[in-house]
Each structure stands twice: as C-alpha cells, then as structure tokens.
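Presented below is the structure to which this report refers.
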Amino acid sequence: RDNVYSIYAVYGLALAYKRLDDNTGRAFELQYSVVKLMRGLLFAMMRQSAKVEKFKQTQSLEHSLHAKYNTQTGETVVGDFEWGHLQIDATSFFLLALADMTSGGFNIIYSQDEVDFVQNLVFYIERAYRTPDYGIWERGNKINHGQPELNSSSIGMAVAALRAINGVNLFGARGGPSSVIHVLPDELTRNATTLHSFLPRESNSKEIDGSVLSIIGFPAFAVDDPELIQRTRDEAIKKLEGKYGMKRFLRDGHQTTVEDTSRLYYDPNELKVFEDIESEWPLFFTYMVLEGLFTGDLEQAENYRQKLQPLIAIHVPLLPELYYVPAESIHAEKENPHSQKRVPNENVPLVWALSLYFLGGLITEDLLSPSEVDPLGRRFNSTKMVKDTMIQIVLLSEDQQLQTALSTYGLETQTLDQISTTTTVLPPQALVDVYGGLGLNSKMEMTGRPKRPIGVLGTSRFYKIQGQTYAFTPHFMDNNEFYINADPDYLVSEFENELTFTKKNWYYPGRPTMVVLLSHGLLGTTKESSNILLSNSADASKKNLLNFFTNLRGGYACEGNVRVKLCRLAETINTSNIQSLDFLINKPEVNWKRILRVAHASRTHKKKLGYNEHKTQASTPGHRTPGGDLMSGGRTPKRKNTTFYGKSLASPLDKLHDENYFDQLATALSQLKANAEQQQFKLKSHETTSSKQPALSESPTSGIFTPGSTTNKTGSVPKQNPDQSGSPHEMLSLTLGDASQFDQAVESLRASVNLYDQIDLLQYMVSCRPMSYYVEALETTILELLEEVYLKSKKSKYWSIARQAAGLLHKNVPSLTINITDLVIRQKQVSIGSGPQEYLISMPVAPDTLNKMISEHCTDDVREGPVVQEIIIYLGNLIRTQPDMFEGILRLRTHYIIIALREEISRINHSDEEESVEHLMQLSPFELESLLFTVLSGPHLCDTIEHIVEGHQLSKEGPTELIEKTYDLDNALANNQHVQITMENLHNFFPNANGRWLRRRKNDGALNRVPSSNFFPQVWSILDKSKGLCIRNHSLPRDPIVLEKTPEEFNFALAVESFLGWFTDPAERQVAVEVLSVIYQQQQQNQQQCDVWYDLPAIINRAIEKFWQKWIERNTSIIERGGPVFEHGSSYHQHADLARKLFFDLPLDGTESTSTYIKSSLI
C-alpha cells in the first residue's frame, strides 16, 4: 500500500513529462521507475502463489499474502502470524493502480504467467465482502487485539479494483484474448452492495474512519450514490477533522503521549482515555484536495490546500505523519477540544501523504489533468445517468408438443432444435466449469476460479468462443434444487425477484438477456397430454406460472416496475452483452469443447410405494368418522398423536376442503404414471378404478405418530394385512428407536396407500435402521423409499409431507449460504435454534458448516430444519430486492420468526397453537413467503395486507359476496354499562386496540425491530448517566461498555441487541424498547447523573399494575355486578396474565397508552 501510494507522484510526473518534447531521458526514467516498483511488488507476491491458491478456498489468515516484504530482496520479513498480513485493500489498490497504469500506456505485465497470477489476485479479492481483514491501519478491531473485521475501506478498494481491471488487456494494445482480465458481475455487485450498506461506518468497532475518504474519492471512486458520498464526507468532517488534519478514528490511541507502548493491545476500558486527544493526520487533507480536483469542486480543493500550508514541516514541502498533543496540554485539550497547539512526530515526511500532496499540486498547476491519472473515468461513477434497463427474455420449449400447447395460449416459443446452429443453450453449471479454466496455470500450480455458483447477472450475458455463441439458463430455475421450486407460485415470485435484482444492478453495455427453458415438469404437463392439462383449470398454480409468462408479452413485469421484452433468441444477439471465452483456446489443460457439449441425461424410478388419494384424504379435513357422518364445524381433525414441540398438531390446510383438490391430486399422480419413461415405484400404486369403497373413508384418519423430537414417544397406526390393503385391523404401537415393531411397520408400509402413513412409518424406520438398510419386502433401501415419498409429495403439493421427507433426507439448498451471506453482509445477524441451542451467525459460513448447524440446532420437529432453510431463502430474496423492509432490524432469529408466523395464522384463522403450527407446515412455499412478507412489512402495510393467507386462497376461488354490517358504537357503549364482563366482551371495557397493537408488538419483537436509527445512541446516553440496565439476572453495565464503545459503534448496537435477547416474550421485548425510549426522554429533561440500575421487567410490571388498578377503580360498579371474569376477585395478582395481555395491546402514545403508564412507573 505505502509503495503504490508513494509511486503515484512519480506516475503523475511521468505523465506530465509526456506533454513535453523531452530529450533528456527524464520521462523514460520516470516511467520505468513506476514499472520497476510495480513489477517488484508483483514478483514479491508471485513468490507466494501457493498462499493465493489456498486463500481462494479458505479465506484464512494463515493463507493471506504478506503485507510487507524486504525492500532489497522481495522476501518476507515476518512470520505468517507475527503481523496482521490480511489487508484486502492493499492487494486491491495494487490491482487498481495496475489497471490505471496499463490503461495509461505503461507496460507492466510481460508474460502469460503474470497475467494468470493477476487473474488469481482478482479471485483473491472478489470475496472481500465476506472476508474480515486487518484493514488500512493493520490492526483490525480498534482495541488492537488482533481480531480482524469487515472494513468499508477494504471492501471499497476491492470494488474499485474489480471495476477498473475488468476487461483490461494487461499486454496493452498488442495483447490478445488470453491477456484480458475477467470479473464476474455478481461478485462485483455483492461487494458494492455490502459497501453501500456499511457506509459511512468503517467497521463494527469504528463508527467512522478517515480511510473512507479514499473510497468515496480518489483513488477508488467506489460509491455511485451522491447522497451516500455526501453523508459519508460530512460524517468524517464532523467527527474527525481538526486544525492539523483528521483523526484516523474515534478513540485512536496511536502515538498519543498517554499510550502505553509496552503493550501491543489496549484494555477495553482505557479507550475513553484517548477521547479528544487522538493524533491528527495531514494525510486526509490531501485526499480532500484530490477529491475536489477530480470531481470539479475547486472550492473544496483550494480550502484544504490552504489548510495544508501551515502543516508543512520545513521550507521544503514535507508533510509529517501526524500531529499529537503534548503531555502538558492534554488536560486543557480535553476540557476544550482543538484549543491546544500540537507538534509533529518524528516521521517526516510520510511519503504516502507527500506523494498525494505532490499529485494534487501537479493537477492544481495544470501540469496534469484528472483524465490522465484516471484514464478509465472512474471519477464519473457517481454522476452517471441512471438508465431504465430493459430485460430481454427468451422462452424455449423442451419439445414440439409443449411448444404447440403453449402456442394455443398465445405464447410463442422455440425448441432447442429450432434455434440457430451457432448458438447453444446450456445449464449454469457448464458456465461454472468453463470459468474454472480462467487463471489456470499448471506451472504455478494455480487452479483458476473456484467452482462457485454464478448468479443471475452472469447468466444474463451471452458468451462467444471461436464464433460459437453460448447462452446459459439462470441458476434459480433449477427445478431439482429443493422442494420449494416444485411450487409454481413460488417460482413466479422468485422470477420477479431476480428481474428486480437484475434491473437494479445492471451497469454493463447491452441489455441483460434471460434464457428460460420451459419443461413439462415445470408446467405440470406430460409429453403425451400437454394440451389436456393446460386446458384444465383445476391446477391454478400451474396456470399462474403460465399466466406470468403470458403477461410478459405486455412489456412489463413486477407490477410495472421492470421493462421486459419477449424475443426469439436470434433477435437478442445484437442487443445483448456478449463476453469472450477465447481465453480458453490457449488453455490446453481445459477441455472446453467437452464442457460446452450438450448432454441429455434421464433418470428412471422404480415404483415401490402405493398411493390412494381417498385414503390420504382420510387424513384431512372432511373425512368420515366411524359413524359415517362428516365432521362438522370449522375446526380440522387432528392426526393422531402427532407432535411438534411436544404438542399435537392440527391437520392439513384449509385448501384441502376444496372439492377440486383431490381431482388435481389425481391428475398430478396420473401424470407421474403416464410419463414416457414409466416412473416405477416400489410402494403401492394409486388405486384409480377400485370397485371397493376405500376402507379408511369409513374409519379414523391416519393414526400415524409423527415423531417430532428425539425423545421416546409412542403412537399407533392401523396394522394392515398385505392381502387386504385397505382394511385396518389392530392398531400398531410405535416408539422411536424401538425396533421391536420394525417388521410390522414394514408390512404396514407395504400395504399403505396413504402418504401420511408412509412418511410417518418411514420416519419410525429411520429411527431404527440406517438409511442404507435394505428392506427385503420392498426390494429397496429406506433411502430410496424416502426419496419416492419426497417426489410424490412434491408432485401432489403435500407440503408438510415434503418438508418431513426433506428433513429426514437432510435435503439442503445449495444456494443457502448465498442467502446467509446476503443477510450478514448487510449487517443482519441470523440465529438458528432456540434457548441454549440457539446459534448466532454474524459472518458468512461454508455450506457444510451451515447444514450441520441446522441439523444440530433444529431438533424439535423434523420439519423445522427445512422450514428454517425456507425462511433464510425468503429473507435473502427480500433483502436483495427490498432492503428497506429490514430497517431497524439487526438480528433475525428464525425460531422467533416461526413463532410470529404461527401467531399470525392463529390470529387469522382463530385457531389454537397446535392447529396453527400444522397449518404453517401445510402452507405452500409461496404462501409461507407471502406470510413472512406480511409479518416483516411492519405497521405501514398492516392495513393493505391484513389477510394474506385468505387473499391468496380467494385469488384461486374467485370473487365472493360483499358483506356489509353496521355497528352503533354509542349504543354498544351504553349497553356495556348494564352487562356482566365476560372474556368475549372484555375488550369493550378496556382502552385497548382489540389485538392490533399486541399483534404489532409481537411481530416487531419477534423480528427484534427498534424504532429508529437513533435508538442505540439513546441507549448509550442512558448508560452514560446511570449504572446500567438489567433483565432479571442479566445486566448491561455502564463500565466498561461506555468506556470501550462509542454511541454509534455497531458493536455497541450488537451488545444492546444481545442484552434485549434475554426477553423470551417478543411483545415484552418490544415494550422494553418503549421503556428505554421513555427513560431517554426523561434524562433529556434532567441532565444530572443518576446512579441507579434500570430493571426493565420491574418497570414494565409496575406499569401494568398501575394500568390495572386504574381500570379497576374506574369500573368498580361494573365489577361488583359480577361475572365469570371477576367471580373470584379483581386483584392484580389474580389477573396478572390478563392485565399483561391487555396492557401490551395499548397504543404507543396518547392519554391511555403504554408510554403514560411507563412514565408514571419511573417516578
């Protein structure tokens, strides 16, 4: 870093000499001094190519490039763990300078080996968004205890380097395809998104840092949002600027006279000692000068040039490293900041700062222009006109039968055989394999790009090699990835999310082009009966998917927010973004022709399990009881002895009441049977023409036990005779892990035609035998039987069974880590599990690690793991497209989100907890995503999406009757004066919101939402003026929290969030947030120090008791009238739970509000 910065003055002077007709050789000498330095650094790093190769996979500290080398030899000077070597910004700055200098006409790279190494340096830095490093000051966390962290300055420099070097030919004008550097757009986008979410903050421990000036201005120009640039600059000036320069960051003890140099690390509680006396660096004024010159703000440039003049150490312009406060002036400086004279340290000059000072002088005196130093025009990033991107969509049909069927709906498609012979369509994995040859170099033992998935931006381009064009289908359309993609409604939602993301992040020449291959499986058709199914209105989900593609003809998608154009493949070539793959030609190690060859593979299945939709129906609402009468009422019957969190559950979704539902199921299963490659299963076939009345239609529902946890629980199932497959006999008692009934369970499974029976029996079998156990009676393994049920449940849309099978099979979404990464890089922590089993994820994790977390921490129900995966996927989708929805949320606790979803279902359906959990498990992936959207949307969407589940159901059933009812509120209130109080009319007597505020507090508490961006600084102020906060036995003390952390430091916000996590009731947690806001307001009115502990639960309880007593006093006459609620008295202790519920339903403000009673409880 220091070397590259230092050579920039020489680089600028060499460019200036190019303007002259120099015959002294000075221009040549200057130019090759720059080349010599850059090549010296390159050689030093190339000696560590083995580290680069390992780091691409591990992002580990021990595999990072060294940060400093011997000037004479280029060898390393300290050990791997003796210095904070991992500094992404230093490597990125080298690549940035290399791109600028090469584009400016300097030949720095001479060989293909060097090109391949530089390409691998791109892979080294492209994951900066998820790689904690030691940063520009080489210390990581500000305590300097050796802990790396994500730094804005490192991520920003990586963004600048990736943008600058993408497409640069390192051999200059005389280079070929092999010497061009490639950067994949999705990696660049993730880094840019992370940077925007971080700024103006530098890291978790530094709320602002002078180094961000190098990111928003010269040399990086990494930010394209003018408002964010202004806000970041203002924050730096406000908090860091002094007369002698700027502080590096708040409470920086480096080279202050009170710093204890005998210790490498600081004690957390000593950081406050450095407040107001931090050293000031003239270096940052040089950044301000250059930013003004490059952006045309000459007033800013001149202002900071004038501020630099008094800081020059001697008459020859030399800038010191920093100015510090002498020991004798420290007390006066703390009393009155910026009042005392500072002195320079002995490091004169700081060559880095002096180089930038000279560069600014060259431009100021018109010896050099910004365009010469910035030949790539990166300084214009923030002033580029935002274009309205149009996305081209190419629809291809799997075969001519599907093409004909789609054409009847006005949807014109092409088959793969009908597209040009010069164009090939391949799956996204082929592109991953091809890019594995990028940077491949056997001589240096470098393998090229790691085989990670390529996102939608990468597959929205065309690729060419030797005149042949290749298109790649998007990764998210891979229907075999997870059961959620078997839901057509979810696929529509996912497609819209990706369209929105592409529009928002496309900054490349040409239009993005999505090539979508429509298959029979995707649209729910068979090769023999495409027309029949598509004309059948029963399967509304499939029709929704078809309608989505049909509506694209109108030119808009995503509610008119994204412009699209349906095209034939040949029509898009001239307007698309096309990348060259010609670098593969000179890579003999890569058999690219084999990789890019179309391969068709088919799988066959042997049918092993039977299926009967009537008998599966018997496990659902509307079955017949042994007496033969349909169950009445709105409540659904329960599956016998099923468990979730140790409680029985209700039966499947309300949509199973739909009389057409099982017709749809029969159609789906008949399609399975009618496939060309007859899918053969081992369990019994679906009985379509049985002359016998299904026995279970006259018998109890499936009595299968769903063993939700690892504890021993028993249940019973009908024991069936294989010769009389419909007749239940004695009940079969099963206990998890008890293999005594294993053979009987196999016989029951062989006879069963009920999917619920089959999955529950298989779960019992899995608990007794390994997955690989061969079942002689069915001639297959348990694993294959589970896969069979999993496939059937996806096809027939039994989502609870699909989730149960996915949990037993340990199915995992390959892109799950990408969604986790998308959340944590935007500073959203994710927790998995609950209680002692809860695990917090604050950094990106590897797929194997994440899968292990889910399997170990989600043990209450076998379906919980898949649901947690779904929630993570949906949260990742939402934060990519609608990040504003997560405002005020730092931690996403999946267990509490599931509880919030359950509560929402309970509120809408008026069902108990058990039924609500089962209903949740039966929701389709799209319905679950929609419900999560409702909970996450917060108060501003409560009115518009009040009934998301019902709304989705009604969209399928069509319009219903309009119902109107008039209420006379005056008479209702008057009548209340003469009636007894019951639980049904209780809300008429209390100043509550009939559940609306309680619901909002539960949702916000489950999401850990806080009211505003100023909430955490307010809590810091509360701590600063008190002894601390406590929740029962847990405390957040003033010391050392306030001494170590600053008000807007992210680590402080996380500490408060962890503290509030001790509340187990989400609504109570949200009221505690309100309590803290009230305490802050009272402290603002009384600025005196208050040495007390604030016990938040005690304050809340006092407020509830005051509320209850006030209400009792007001309504004594009504209470004396009697009634079931108060028949045993009206004291607070007798009705504490009721009082608590009613209090949590009070509005936030007003005369009868939570704030009113909290204020009185604080007095």
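Going through the structure tokens in order, the chains are called A, B, and so on, while each chain numbers its residues from 1 and the ligands are numbered from 1 in the order shown.
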* Spatial neighbours of Leu42 in chain A, 12 Å, only C-alpha atoms, chain gap at least 5 places, as a ChimeraX atom specification -> /A:3-4,35-37,47-49,65,69,74-75,91,94-95,98,108-110,113-115,117-118,121
Write the residues you've just listed into a file as a compact mmCIF listing (two decimals), in the first residue's frame, and include C-alpha atoms for each of them.
```txt
# COMPACT_ATOMS: atom_id res chain seq x y z
CA ASN A 3 4.77 1.67 -2.06
CA VAL A 4 1.90 2.11 -4.51
CA VAL A 35 7.20 -0.09 -13.89
CA LYS A 36 10.11 -1.26 -11.75
CA LEU A 37 8.26 -0.69 -8.50
CA ARG A 47 6.62 -15.96 -4.73
CA GLN A 48 3.56 -16.59 -2.53
CA SER A 49 1.34 -18.02 -5.26
CA LEU A 65 -0.46 -12.61 1.18
CA TYR A 69 8.49 -7.51 2.18
CA GLY A 74 11.37 -9.05 -2.04
CA GLU A 75 11.39 -11.82 0.58
CA THR A 91 -3.89 -6.02 -2.70
CA PHE A 94 -2.21 -2.69 -6.37
CA LEU A 95 -4.72 -4.06 -8.91
CA LEU A 98 -2.17 -1.72 -12.36
CA ILE A 108 3.92 -3.61 -16.53
CA ILE A 109 2.93 -7.21 -17.31
CA TYR A 110 5.22 -9.17 -19.64
CA ASP A 113 2.19 -16.47 -16.18
CA GLU A 114 1.96 -12.95 -14.80
CA VAL A 115 -1.47 -12.48 -16.42
CA PHE A 117 -1.38 -14.60 -11.41
CA VAL A 118 -3.13 -11.22 -11.68
CA LEU A 121 -5.44 -11.90 -7.45
```
* Skip Trp137 in chain A itself and residues of its chain fewer than 2 positions away, then list as a ChimeraX atom specification all residues within 12 Å of it, counting only C-alpha atoms. => /A:1-2,67,83-90,133-135,139-142,144,146,148,151,153-154,202,206,209-211,248-249,252,254
* To do: Excluding Gly437 in chain A and any residue of its chain fewer than 3 positions from it, enumerate the residues within 8 Å of it, using only C-alpha atoms, and give them as a list in words.
  => Asp433, Val434, Leu440, Thr447, Gly448, Arg449, Leu584, Lys587, Glu589 and Val590 of chain A
* Asked: Quick one, how far is CA of Ser111 in chain A from CA of Met38 in chain A?
  -> 14.5 Å
Closest-contact table, range 456-510 of chain A side, partner range 785-802 of chain A, 12 Å, counting only C-alpha atoms, as a Markdown table:
```
| residue | atom | partner | partner_atom | distance |
| --- | --- | --- | --- | --- |
| A:Asn479 | CA | A:Lys794 | CA | 11.0 |
| A:Asn480 | CA | A:Leu791 | CA | 10.3 |
| A:Phe482 | CA | A:Lys794 | CA | 9.7 |
| A:Tyr483 | CA | A:Lys794 | CA | 6.3 |
| A:Ile484 | CA | A:Lys794 | CA | 8.6 |
| A:Asn485 | CA | A:Lys794 | CA | 9.1 |
| A:Ala486 | CA | A:Lys794 | CA | 6.0 |
| A:Asp487 | CA | A:Lys797 | CA | 7.6 |
| A:Pro488 | CA | A:Lys797 | CA | 10.3 |
| A:Asp489 | CA | A:Lys797 | CA | 11.7 |
```
Near-Ser6 in chain A list (8 Å; only C-alpha atoms; drop same-chain fewer than 5 positions) as a PDB file with C-alpha atoms, in the first residue's frame:
```pdb
ATOM      1  CA  VAL A 351       5.930   9.558   1.849  1.00  0.00           C
ATOM      2  CA  TRP A 352       2.394   8.319   1.242  1.00  0.00           C
ATOM      3  CA  ALA A 353       0.931  11.714   2.201  1.00  0.00           C
ATOM      4  CA  LEU A 354       3.665  13.655   0.416  1.00  0.00           C
ATOM      5  CA  SER A 355       3.086  11.739  -2.817  1.00  0.00           C
ATOM      6  CA  LEU A 356      -0.613  12.648  -2.811  1.00  0.00           C
TER       7      LEU A 356
END
```
* Determine which residues of range 320-456 of chain A receive a DSSP assignment of alpha helix (DSSP H), computed from the backbone, and state them as a ChimeraX atom specification. => /A:330-335,351-364,370-373,400-407,428-435,456
Can you write out the residues you just picked, keeping C-alpha atoms, as a short mmCIF file (atom, residue, chain, number, x, y, z; two decimals), in the first residue's frame?
```
data_model
loop_
_atom_site.label_atom_id
_atom_site.label_comp_id
_atom_site.auth_asym_id
_atom_site.auth_seq_id
_atom_site.Cartn_x
_atom_site.Cartn_y
_atom_site.Cartn_z
CA ILE A 330 -3.68 17.03 27.45
CA HIS A 331 -5.92 18.25 30.27
CA ALA A 332 -6.59 21.59 28.56
CA GLU A 333 -7.30 19.85 25.24
CA LYS A 334 -9.83 17.54 26.87
CA GLU A 335 -11.54 20.50 28.53
CA VAL A 351 5.93 9.56 1.85
CA TRP A 352 2.39 8.32 1.24
CA ALA A 353 0.93 11.71 2.20
CA LEU A 354 3.66 13.66 0.42
CA SER A 355 3.09 11.74 -2.82
CA LEU A 356 -0.61 12.65 -2.81
CA TYR A 357 0.28 16.26 -1.96
CA PHE A 358 2.58 16.48 -4.99
CA LEU A 359 -0.01 14.82 -7.23
CA GLY A 360 -2.56 17.41 -6.16
CA GLY A 361 -0.02 20.16 -6.88
CA LEU A 362 0.60 18.87 -10.42
CA ILE A 363 -3.13 18.95 -11.18
CA THR A 364 -3.66 22.33 -9.49
CA PRO A 370 -7.53 14.27 -13.87
CA SER A 371 -8.31 12.35 -17.08
CA GLU A 372 -4.64 11.36 -17.43
CA VAL A 373 -4.46 9.95 -13.90
CA GLN A 400 -42.54 -29.52 -30.04
CA GLN A 401 -45.51 -30.90 -28.08
CA LEU A 402 -45.01 -28.31 -25.36
CA GLN A 403 -44.37 -25.61 -27.96
CA THR A 404 -47.70 -26.42 -29.64
CA ALA A 405 -49.55 -26.40 -26.32
CA LEU A 406 -48.08 -23.03 -25.35
CA SER A 407 -48.89 -21.52 -28.72
CA PRO A 428 -25.49 -22.73 -15.45
CA GLN A 429 -23.14 -25.40 -14.11
CA ALA A 430 -21.47 -25.51 -17.53
CA LEU A 431 -20.52 -21.85 -17.14
CA VAL A 432 -19.05 -22.60 -13.71
CA ASP A 433 -16.96 -25.37 -15.24
CA VAL A 434 -15.80 -23.16 -18.10
CA TYR A 435 -14.67 -20.38 -15.79
CA VAL A 456 -28.26 -14.19 -12.50
#
```
* To do: Tell me which of A:Gln744, A:Asn497, A:Thr550, A:Asn1115 sits closest to Asn877 in chain A, counting only C-alpha atoms.
  => A:Asn497
* Asked: Counting only C-alpha atoms, what is within 12 Å of Lys1110 in chain A, bar same-chain residues fewer than 4 positions away, as a list of chain:residue names?
  ->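 My list of contacting residues is A:Phe990, A:Pro991, A:Ala1103, A:Ile1104, A:Glu1105, A:Lys1106, A:Arg1114, A:Asn1115, A:Thr1116, A:Ser1130, A:Ser1131, A:Tyr1132, A:Ala1139, A:Phe1143, A:Glu1152, A:Tyr1157.
If you measure from each of A:Gln827, A:Ser92, A:Thr781, A:Ser740 to Leu150 in chain A using only C-alpha atoms, the closest one turns out to be A:Gln827.
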* Who sits within 7 Å of range 392-398 of chain A, only C-alpha atoms, same chain under 5 positions skipped, as a PyMOL selection string -> chain A and resi 403+413-416+511-519+564-569
May I have the residues from that selection written out with C-alpha atoms, as an mmCIF file, in the first residue's frame?
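again.cif, freshly written:
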```cif
data_model
loop_
_atom_site.group_PDB
_atom_site.id
_atom_site.type_symbol
_atom_site.label_atom_id
_atom_site.label_comp_id
_atom_site.auth_asym_id
_atom_site.auth_seq_id
_atom_site.Cartn_x
_atom_site.Cartn_y
_atom_site.Cartn_z
ATOM 1 C CA GLN A 403 -44.374 -25.615 -27.963
ATOM 2 C CA THR A 413 -41.535 -20.230 -28.022
ATOM 3 C CA GLN A 414 -38.731 -22.047 -29.783
ATOM 4 C CA THR A 415 -37.397 -25.521 -29.255
ATOM 5 C CA LEU A 416 -33.709 -26.198 -28.845
ATOM 6 C CA ARG A 511 -29.294 -5.485 -22.348
ATOM 7 C CA PRO A 512 -29.442 -8.402 -19.918
ATOM 8 C CA THR A 513 -30.946 -11.491 -21.541
ATOM 9 C CA MET A 514 -32.566 -14.321 -19.581
ATOM 10 C CA VAL A 515 -32.943 -17.609 -21.425
ATOM 11 C CA VAL A 516 -35.628 -19.766 -19.798
ATOM 12 C CA LEU A 517 -36.150 -23.391 -20.767
ATOM 13 C CA LEU A 518 -39.790 -24.391 -20.169
ATOM 14 C CA SER A 519 -40.234 -28.078 -19.483
ATOM 15 C CA VAL A 564 -39.191 -6.688 -20.342
ATOM 16 C CA LYS A 565 -39.255 -7.869 -23.928
ATOM 17 C CA LEU A 566 -40.064 -11.366 -25.113
ATOM 18 C CA CYS A 567 -37.796 -12.204 -28.039
ATOM 19 C CA ARG A 568 -36.589 -15.013 -30.174
ATOM 20 C CA LEU A 569 -33.026 -15.974 -29.378
#
```
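Nearest to Asp884 in chain A of all the residues A:Ser197, A:Ala128, A:Thr102, A:Pro219 is A:Ser197, counting only C-alpha atoms.
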* Might you pull out every residue within 8 Å of Val425 in chain A, with only C-alpha atoms counted and same-chain residues fewer than 6 positions away left off, and present them as a PyMOL selection string? => chain A and resi 416+470-473+598
* Find, counting only C-alpha atoms, the residue in A:Gly455, A:Gly156, A:Pro866, A:Gly510 that gets nearest to Ile818 in chain A. =>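 Answer, going by the shortest atom-to-atom distance: A:Gly455.
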* Asked: Got a sec to tell me which of range 720-894 of chain A DSSP assigns to strand (DSSP E), as a PyMOL selection string?
  -> chain A and resi 720-721+724-735+774-775+780-781+829-832+839-841+891-893
Let's have the selection written as a CSV table (one decimal), in the first residue's frame, with N, CA and C atoms.
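Dumped to part.csv:
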```csv
chain,number,residue,atom,x,y,z
A,720,GLN,N,-52.1,-53.3,8.8
A,720,GLN,CA,-52.8,-53.7,7.7
A,720,GLN,C,-52.3,-55.0,7.2
A,721,ASN,N,-53.2,-55.8,6.7
A,721,ASN,CA,-52.9,-57.1,6.1
A,721,ASN,C,-52.5,-56.9,4.6
A,724,GLN,N,-55.1,-57.6,2.2
A,724,GLN,CA,-56.3,-56.8,2.2
A,724,GLN,C,-55.9,-55.3,2.5
A,725,SER,N,-55.3,-54.7,1.5
A,725,SER,CA,-54.6,-53.5,1.7
A,725,SER,C,-55.5,-52.3,2.1
A,726,GLY,N,-56.7,-52.4,2.1
A,726,GLY,CA,-57.5,-51.3,2.6
A,726,GLY,C,-58.1,-51.5,3.9
A,727,SER,N,-57.9,-52.6,4.6
A,727,SER,CA,-58.6,-52.9,5.8
A,727,SER,C,-57.8,-52.7,7.0
A,728,PRO,N,-58.1,-51.8,7.8
A,728,PRO,CA,-57.4,-51.7,9.1
A,728,PRO,C,-57.8,-52.7,10.1
A,729,HIS,N,-56.8,-53.2,10.8
A,729,HIS,CA,-57.1,-54.2,11.8
A,729,HIS,C,-56.7,-53.6,13.2
A,730,GLU,N,-55.9,-54.3,13.9
A,730,GLU,CA,-55.4,-53.8,15.2
A,730,GLU,C,-54.5,-52.6,15.0
A,731,MET,N,-54.4,-51.8,16.1
A,731,MET,CA,-53.6,-50.6,16.0
A,731,MET,C,-52.2,-51.0,16.3
A,732,LEU,N,-51.2,-50.5,15.5
A,732,LEU,CA,-49.8,-50.8,15.7
A,732,LEU,C,-49.1,-49.7,16.5
A,733,SER,N,-48.6,-50.1,17.7
A,733,SER,CA,-48.0,-49.1,18.6
A,733,SER,C,-46.5,-49.0,18.2
A,734,LEU,N,-46.0,-47.7,18.0
A,734,LEU,CA,-44.6,-47.5,17.6
A,734,LEU,C,-44.0,-46.6,18.6
A,735,THR,N,-42.7,-46.8,18.8
A,735,THR,CA,-41.9,-45.9,19.7
A,735,THR,C,-40.6,-45.7,18.9
A,774,TYR,N,-31.5,-52.3,3.7
A,774,TYR,CA,-32.2,-52.9,2.6
A,774,TYR,C,-33.5,-53.6,3.1
A,775,VAL,N,-34.7,-53.1,2.6
A,775,VAL,CA,-35.9,-53.7,3.0
A,775,VAL,C,-36.3,-54.8,2.1
A,780,THR,N,-35.7,-52.7,-1.8
A,780,THR,CA,-35.1,-51.4,-1.9
A,780,THR,C,-34.6,-51.0,-0.6
A,781,THR,N,-33.9,-49.8,-0.5
A,781,THR,CA,-33.5,-49.3,0.8
A,781,THR,C,-34.4,-48.3,1.3
A,829,GLN,N,-27.6,-10.1,11.6
A,829,GLN,CA,-27.2,-11.4,12.1
A,829,GLN,C,-28.4,-12.4,12.1
A,830,VAL,N,-28.1,-13.7,11.9
A,830,VAL,CA,-29.1,-14.7,11.8
A,830,VAL,C,-28.9,-15.7,12.8
A,831,SER,N,-29.9,-16.1,13.6
A,831,SER,CA,-29.8,-17.1,14.6
A,831,SER,C,-30.6,-18.4,14.2
A,832,ILE,N,-30.1,-19.5,14.5
A,832,ILE,CA,-30.7,-20.8,14.3
A,832,ILE,C,-30.9,-21.5,15.6
A,839,TYR,N,-27.9,-20.6,17.9
A,839,TYR,CA,-26.5,-20.3,17.4
A,839,TYR,C,-26.6,-19.1,16.5
A,840,LEU,N,-25.7,-18.2,16.7
A,840,LEU,CA,-25.8,-16.9,16.1
A,840,LEU,C,-24.8,-16.9,14.9
A,841,ILE,N,-25.2,-16.4,13.7
A,841,ILE,CA,-24.4,-16.3,12.6
A,841,ILE,C,-24.2,-14.9,12.2
A,891,ARG,N,-30.9,-8.3,14.1
A,891,ARG,CA,-30.8,-9.8,14.3
A,891,ARG,C,-32.1,-10.5,13.9
A,892,LEU,N,-32.0,-11.5,13.1
A,892,LEU,CA,-33.1,-12.3,12.6
A,892,LEU,C,-33.0,-13.6,13.2
A,893,ARG,N,-33.9,-13.9,14.2
A,893,ARG,CA,-34.0,-15.1,14.9
A,893,ARG,C,-35.0,-16.0,14.3
```
* **Between CA of Val935 in chain A and CA of Ile898 in chain A - distance in Å to one decimal** =>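 Distance between the two atoms: 10.4 Å.
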* From the set A:Glu302, A:Asp1004, A:Glu913, A:Asp186, which residue has the shortest atom-to-atom contact distance to Glu887 in chain A, counting only C-alpha atoms? ->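 Closest to Glu887 in chain A, using only C-alpha atoms: A:Asp1004.
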